[in-house]
file upload_16.cif (mmCIF, C-alpha atoms)
data_work
#
loop_
_atom_site.label_atom_id
_atom_site.label_comp_id
_atom_site.auth_asym_id
_atom_site.auth_seq_id
_atom_site.Cartn_x
_atom_site.Cartn_y
_atom_site.Cartn_z
CA MET F 1 -105.41 -29.69 -51.28
CA THR F 2 -106.17 -26.39 -53.06
CA GLN F 3 -107.76 -23.72 -50.89
CA THR F 4 -111.15 -22.32 -51.85
CA GLN F 5 -110.98 -19.04 -53.80
CA LEU F 6 -112.14 -15.93 -51.95
CA THR F 7 -113.00 -12.74 -53.85
CA ILE F 8 -113.25 -9.36 -52.11
CA ALA F 9 -114.88 -6.39 -53.84
CA LEU F 10 -113.45 -2.98 -52.95
CA THR F 11 -114.77 0.51 -53.63
CA LYS F 12 -112.50 2.71 -55.74
CA GLY F 13 -111.38 6.19 -54.73
CA ARG F 14 -111.12 7.56 -51.20
CA ILE F 15 -112.54 4.40 -49.60
CA LEU F 16 -109.92 2.25 -51.32
CA LYS F 17 -107.05 4.30 -49.87
CA GLU F 18 -108.46 3.90 -46.37
CA THR F 19 -109.21 0.20 -46.93
CA LEU F 20 -105.70 -0.96 -47.84
CA PRO F 21 -104.23 -0.55 -44.32
CA LEU F 22 -107.11 -2.64 -42.93
CA LEU F 23 -106.47 -5.41 -45.45
CA LYS F 24 -102.76 -5.25 -44.61
CA ALA F 25 -103.68 -5.81 -40.96
CA ALA F 26 -105.41 -8.99 -42.14
CA ASP F 27 -102.22 -9.94 -44.04
CA ILE F 28 -103.86 -9.32 -47.42
CA GLU F 29 -101.85 -7.21 -49.87
CA PRO F 30 -102.23 -6.85 -53.66
CA ILE F 31 -99.21 -7.95 -55.68
CA ASP F 32 -99.50 -4.96 -58.04
CA ASP F 33 -99.82 -1.27 -57.15
CA ILE F 34 -103.57 -1.14 -56.79
CA LEU F 35 -103.75 2.66 -56.56
CA SER F 36 -102.01 3.39 -59.86
CA SER F 37 -102.98 0.38 -61.98
CA ARG F 38 -105.91 0.42 -64.42
CA LYS F 39 -106.60 -3.24 -63.71
CA LEU F 40 -109.84 -4.15 -61.99
CA LEU F 41 -108.91 -7.63 -60.74
CA PHE F 42 -105.83 -8.15 -58.56
CA GLU F 43 -104.03 -11.19 -57.22
CA THR F 44 -102.70 -10.93 -53.66
CA ASN F 45 -99.95 -12.42 -51.52
CA HIS F 46 -102.38 -15.30 -50.96
CA PRO F 47 -103.01 -17.40 -54.11
CA HIS F 48 -106.59 -18.10 -53.01
CA ILE F 49 -107.56 -14.44 -52.33
CA ARG F 50 -108.18 -11.86 -55.04
CA LEU F 51 -109.46 -8.29 -55.02
CA MET F 52 -111.88 -6.54 -57.37
CA ILE F 53 -112.08 -2.76 -57.76
CA LEU F 54 -115.58 -1.46 -58.44
CA ARG F 55 -117.74 1.62 -58.25
CA GLY F 56 -119.34 1.85 -54.81
CA SER F 57 -122.80 1.34 -56.25
CA ASP F 58 -121.71 -1.98 -57.78
CA VAL F 59 -120.08 -3.59 -54.73
CA THR F 60 -123.39 -4.58 -53.14
CA THR F 61 -124.57 -6.10 -56.44
CA TYR F 62 -121.46 -8.27 -56.85
CA VAL F 63 -121.69 -9.43 -53.22
CA ARG F 64 -125.43 -10.01 -53.35
CA PHE F 65 -125.13 -12.34 -56.35
CA GLY F 66 -122.08 -14.14 -54.94
CA THR F 67 -119.64 -13.04 -57.63
CA ALA F 68 -117.73 -11.52 -54.73
CA ASP F 69 -117.72 -13.29 -51.38
CA MET F 70 -116.97 -10.16 -49.39
CA GLY F 71 -116.94 -6.44 -50.02
CA ILE F 72 -116.39 -2.99 -48.58
CA ALA F 73 -119.10 -0.47 -49.30
CA GLY F 74 -120.52 2.72 -47.85
CA LYS F 75 -123.54 2.49 -45.58
CA ASP F 76 -125.36 4.70 -48.09
CA MET F 77 -125.04 2.01 -50.75
CA LEU F 78 -126.24 -0.65 -48.32
CA MET F 79 -129.26 1.47 -47.41
CA GLU F 80 -130.10 1.96 -51.09
CA HIS F 81 -129.70 -1.77 -51.70
CA LEU F 82 -131.98 -2.67 -48.79
CA ALA F 83 -134.58 -0.09 -49.80
CA GLU F 84 -134.54 -1.46 -53.35
CA ASP F 85 -134.97 -4.99 -51.98
CA ASN F 86 -137.64 -3.93 -49.52
CA HIS F 87 -140.12 -6.58 -50.63
CA SER F 88 -137.60 -9.41 -50.57
CA LYS F 89 -137.19 -11.56 -47.47
CA ASP F 90 -133.67 -12.59 -48.45
CA LYS F 91 -131.43 -9.54 -48.81
CA GLY F 92 -128.44 -11.68 -49.81
CA ILE F 93 -125.95 -9.69 -47.74
CA TYR F 94 -124.61 -9.74 -44.19
CA GLU F 95 -123.18 -6.54 -42.72
CA LEU F 96 -120.21 -7.78 -40.69
CA LEU F 97 -118.32 -4.78 -39.37
CA ASP F 98 -118.41 -0.99 -39.29
CA LEU F 99 -114.91 -0.02 -40.46
CA ASN F 100 -115.22 3.60 -39.26
CA ILE F 101 -113.64 4.96 -42.45
CA ALA F 102 -114.88 7.46 -45.07
CA LYS F 103 -117.24 9.01 -42.54
CA CYS F 104 -119.84 11.50 -43.77
CA ARG F 105 -123.60 12.15 -43.63
CA LEU F 106 -126.48 11.51 -45.99
CA MET F 107 -128.53 14.72 -45.97
CA THR F 108 -131.12 16.81 -47.69
CA ALA F 109 -129.89 20.18 -48.95
CA GLY F 110 -131.09 23.13 -50.98
CA LEU F 111 -130.64 26.79 -51.77
CA LYS F 112 -129.63 28.81 -48.74
CA GLY F 113 -132.62 30.33 -46.98
CA GLN F 114 -135.13 28.64 -49.29
CA ARG F 115 -136.25 25.54 -47.41
CA SER F 116 -139.18 23.74 -48.96
CA ASP F 117 -140.87 23.01 -45.62
CA GLY F 118 -144.66 23.01 -45.85
CA LEU F 119 -144.80 22.09 -49.52
CA LYS F 120 -146.90 19.00 -50.15
CA ARG F 121 -145.24 18.24 -53.46
CA ILE F 122 -141.57 18.77 -54.23
CA ARG F 123 -138.96 17.71 -56.76
CA VAL F 124 -135.85 16.03 -55.40
CA ALA F 125 -132.63 15.27 -57.28
CA THR F 126 -130.49 12.37 -56.04
CA LYS F 127 -128.76 9.16 -57.00
CA PHE F 128 -130.30 7.54 -53.92
CA THR F 129 -133.75 7.15 -55.45
CA GLU F 130 -134.94 4.28 -53.25
CA ILE F 131 -133.86 5.98 -50.04
CA ALA F 132 -135.49 9.21 -51.20
CA GLU F 133 -138.83 7.58 -51.98
CA GLN F 134 -138.89 5.89 -48.58
CA TYR F 135 -137.76 9.03 -46.72
CA TYR F 136 -140.39 11.37 -48.17
CA ALA F 137 -143.15 8.77 -47.95
CA GLU F 138 -142.51 8.50 -44.21
CA LYS F 139 -142.73 12.31 -43.96
CA GLY F 140 -146.02 12.37 -45.87
CA VAL F 141 -144.54 14.49 -48.64
CA GLN F 142 -145.22 13.82 -52.32
CA ALA F 143 -141.81 13.86 -53.95
CA GLU F 144 -140.99 13.58 -57.63
CA ILE F 145 -137.59 11.89 -57.61
CA ILE F 146 -135.16 12.87 -60.36
CA LYS F 147 -132.18 10.55 -60.71
CA LEU F 148 -128.81 12.23 -61.23
CA TYR F 149 -125.35 10.67 -61.08
CA GLY F 150 -123.28 13.75 -60.32
CA ALA F 151 -123.15 17.56 -60.01
CA MET F 152 -126.15 17.30 -57.71
CA GLU F 153 -125.64 20.85 -56.45
CA LEU F 154 -126.65 22.29 -59.82
CA ALA F 155 -130.20 20.91 -59.63
CA PRO F 156 -131.60 23.54 -57.21
CA VAL F 157 -129.48 26.31 -58.74
CA MET F 158 -130.86 25.64 -62.23
CA GLY F 159 -134.42 25.02 -61.07
CA LEU F 160 -134.44 21.31 -61.81
CA ALA F 161 -135.27 20.39 -58.20
CA ASP F 162 -136.39 21.99 -54.95
CA GLU F 163 -133.84 20.06 -52.95
CA ILE F 164 -131.33 17.23 -53.17
CA ILE F 165 -130.31 14.20 -51.16
CA ASP F 166 -126.57 13.65 -51.22
CA ILE F 167 -123.49 12.74 -49.24
CA VAL F 168 -122.13 15.66 -47.21
CA ASP F 169 -118.58 15.66 -45.87
CA THR F 170 -117.31 19.16 -45.12
CA GLY F 171 -120.21 20.98 -46.76
CA ASN F 172 -117.79 23.14 -48.74
CA THR F 173 -119.16 22.08 -52.13
CA LEU F 174 -122.69 22.97 -51.05
CA LYS F 175 -121.56 26.36 -49.76
CA ALA F 176 -119.58 27.12 -52.93
CA ASN F 177 -122.75 26.60 -54.97
CA GLY F 178 -125.08 28.63 -52.77
CA LEU F 179 -126.61 25.63 -51.00
CA GLU F 180 -126.84 24.59 -47.36
CA PRO F 181 -127.35 21.23 -45.63
CA TRP F 182 -130.79 20.69 -44.12
CA ASP F 183 -131.92 17.41 -42.55
CA SER F 184 -129.68 14.47 -41.71
CA ILE F 185 -130.96 11.11 -42.94
CA ALA F 186 -128.10 8.89 -41.73
CA ASP F 187 -124.51 8.87 -40.55
CA ILE F 188 -122.42 7.08 -43.15
CA SER F 189 -119.23 5.04 -42.92
CA SER F 190 -117.83 2.07 -44.83
CA ARG F 191 -118.89 -1.44 -43.86
CA LEU F 192 -117.42 -4.90 -44.35
CA ILE F 193 -120.09 -7.12 -45.93
CA ALA F 194 -120.38 -10.72 -47.06
CA ASN F 195 -122.59 -12.83 -49.29
CA LYS F 196 -124.94 -15.02 -47.25
CA ALA F 197 -124.08 -18.23 -49.10
CA SER F 198 -120.35 -17.48 -48.81
CA MET F 199 -120.77 -17.01 -45.06
CA LYS F 200 -121.94 -20.62 -44.85
CA MET F 201 -119.51 -22.21 -47.31
CA LYS F 202 -116.40 -20.13 -46.52
CA HIS F 203 -117.18 -19.26 -42.92
CA GLU F 204 -113.72 -19.90 -41.45
CA MET F 205 -111.92 -17.85 -44.12
CA ILE F 206 -114.27 -14.90 -43.72
CA LYS F 207 -114.25 -15.13 -39.91
CA SER F 208 -110.44 -15.07 -39.89
CA ILE F 209 -110.35 -11.85 -41.92
CA VAL F 210 -112.98 -10.17 -39.74
CA GLU F 211 -111.17 -11.07 -36.53
CA LYS F 212 -107.89 -9.63 -37.83
CA ILE F 213 -109.48 -6.36 -38.90
CA ARG F 214 -111.71 -5.88 -35.85
CA PRO F 215 -108.98 -4.80 -33.35
CA VAL F 216 -107.55 -2.31 -35.86
CA VAL F 217 -110.97 -0.72 -36.31
CA ALA F 218 -111.53 -0.65 -32.55
CA GLY F 219 -108.23 1.21 -32.24
#
call {"tool": "encode", "arguments": {"input": "upload_16.cif", "output": "structure tokens"}}
result
Amino acid sequence: MTQTQLTIALTKGRILKETLPLLKAADIEPIDDILSSRKLLFETNHPHIRLMILRGSDVTTYVRFGTADMGIAGKDMLMEHLAEDNHSKDKGIYELLDLNIAKCRLMTAGLKGQRSDGLKRIRVATKFTEIAEQYYAEKGVQAEIIKLYGAMELAPVMGLADEIIDIVDTGNTLKANGLEPWDSIADISSRLIANKASMKMKHEMIKSIVEKIRPVVAG
């Protein structure tokens, strides 16, 4: 009897490098060199398990629609997904496990010494538009959200925005561009997620992977 296919969506870049040892602990290893190959779909040492390599912002979409059964994505992407789906009762995704990798913070930031506190209307540059709208609404601040995909630090420098919302790791990039971190919105790390329908139909396969990874994460 052929085993049911299981597809796992992984986030490229730094998260991928930290993910591979966790998958190895679950006895899942790509056949090809996943870090150097330009392929996006990889077979593994298990004929019924395959891996997809995606941008972090796309992992939640593939898992939500069931194209991928499981995925590894940053908490920031999950927050954005949930904020976007705020009016939907069925979010489509289960968050299974905090993997404690790729740790950072989601923060507001702006030009050093030029906080926009007290302003009733501000312009904010970010790729996390849904999170931003929710965050400023809760603070009672009217915020014009400007969506950018990169080089966020330039927005305050060039006068495009009063502040930004972005991922902050060491803070060195902010400092190099004359910015400073302000308010923390959330602590971020990568999470193991699963599609809700897959959790029902492929429960034992998914549970087995989670239980193999859990002790490694716990240390």
call {"tool": "resolve_selection", "arguments": {"input": "upload_16.cif", "expression": "the PyMOL selection byres ((chain F and resi 117-127) around 7)", "output": "list in words"}}
result
Arg115, Ser116, Phe128, Thr129, Val141, Gln142, Ala143, Glu144, Ile145, Ile146, Lys147, Leu148, Tyr149, Met152, Ala155, Ala161, Asp162, Glu163, Ile164, Ile165 and Asp166 of chain F
call {"tool": "residues_near_point", "arguments": {"input": "upload_16.cif", "point": "(-126.2, 19.8, -49.8)", "cutoff": "7 Å", "atoms": "all atoms listed in the file", "output": "PyMOL selection string"}}
result
chain F and resi 107-110+153+164+166+168+171+174+179-181
call {"tool": "atom_distance", "arguments": {"input": "upload_16.cif", "atom1": "CA of Gly74 (chain F)", "atom2": "CA of Ala186 (chain F)"}}
result
11.5 Å
call {"tool": "closest_residue", "arguments": {"input": "upload_16.cif", "among": "F:Phe65, F:Phe42, F:Tyr94, F:Tyr135", "to": "Leu192 (chain F)", "atoms": "all atoms listed in the file"}}
result
F:Tyr94
call {"tool": "axis_aligned_box", "arguments": {"input": "upload_16.cif", "around": "region 95-104 of chain F", "padding_each_side": "5 Å", "output": "AutoDock Vina command-line options"}}
result
--center_x -118.4 --center_y 1.9 --center_z -42.2 --size_x 19.5 --size_y 29.3 --size_z 15.8
call {"tool": "resolve_selection", "arguments": {"input": "upload_16.cif", "expression": "the PyMOL selection byres ((chain F and resi 10) around 12)", "output": "JSON, numbers by chain"}}
result
{"F": [7, 8, 9, 11, 12, 13, 14, 15, 16, 17, 18, 19, 20, 22, 23, 30, 34, 35, 40, 41, 42, 50, 51, 52, 53, 54, 55, 56, 57, 58, 59, 60, 62, 63, 68, 69, 70, 71, 72, 73, 74, 190, 191, 192, 193, 194]}
call {"tool": "atom_distance", "arguments": {"input": "upload_16.cif", "atom1": "CA of Tyr136 (chain F)", "atom2": "CA of Leu96 (chain F)"}}
result
28.8 Å
call {"tool": "residues_around", "arguments": {"input": "upload_16.cif", "residues": "Gln5 (chain F)", "least_positions_apart": "5", "cutoff": "9 Å", "atoms": "only C-alpha atoms", "output": "list in words"}}
result
Pro47, His48, Ile49 and Arg50 of chain F
call {"tool": "atom_distance", "arguments": {"input": "upload_16.cif", "atom1": "CA of Thr67 (chain F)", "atom2": "CA of Lys39 (chain F)"}}
result
17.4 Å
call {"tool": "closest_residue", "arguments": {"input": "upload_16.cif", "among": "F:Asn100, F:Thr170, F:Gln114, F:Thr61", "to": "Ile188 (chain F)", "atoms": "only C-alpha atoms"}}
result
F:Asn100
call {"tool": "resolve_selection", "arguments": {"input": "upload_16.cif", "expression": "the PyMOL selection byres ((chain F and resi 92) around 8)", "output": "PyMOL selection string"}}
result
chain F and resi 63-65+90-91+93-94+195-197
call {"tool": "write_last_selection", "arguments": {"input": "upload_16.cif", "atoms": "C-alpha atoms", "output": "PDB file, in the frame of the given file"}}
result
ATOM      1  CA  VAL F  63    -121.690  -9.430 -53.220  1.00  0.00           C
ATOM      2  CA  ARG F  64    -125.430 -10.010 -53.350  1.00  0.00           C
ATOM      3  CA  PHE F  65    -125.130 -12.340 -56.350  1.00  0.00           C
ATOM      4  CA  ASP F  90    -133.670 -12.590 -48.450  1.00  0.00           C
ATOM      5  CA  LYS F  91    -131.430  -9.540 -48.810  1.00  0.00           C
ATOM      6  CA  ILE F  93    -125.950  -9.690 -47.740  1.00  0.00           C
ATOM      7  CA  TYR F  94    -124.610  -9.740 -44.190  1.00  0.00           C
ATOM      8  CA  ASN F 195    -122.590 -12.830 -49.290  1.00  0.00           C
ATOM      9  CA  LYS F 196    -124.940 -15.020 -47.250  1.00  0.00           C
ATOM     10  CA  ALA F 197    -124.080 -18.230 -49.100  1.00  0.00           C
TER      11      ALA F 197
END
call {"tool": "closest_residue", "arguments": {"input": "upload_16.cif", "among": "F:Met79, F:Ile206, F:Ala132, F:Leu97", "to": "Ala218 (chain F)", "atoms": "all atoms listed in the file"}}
result
F:Leu97
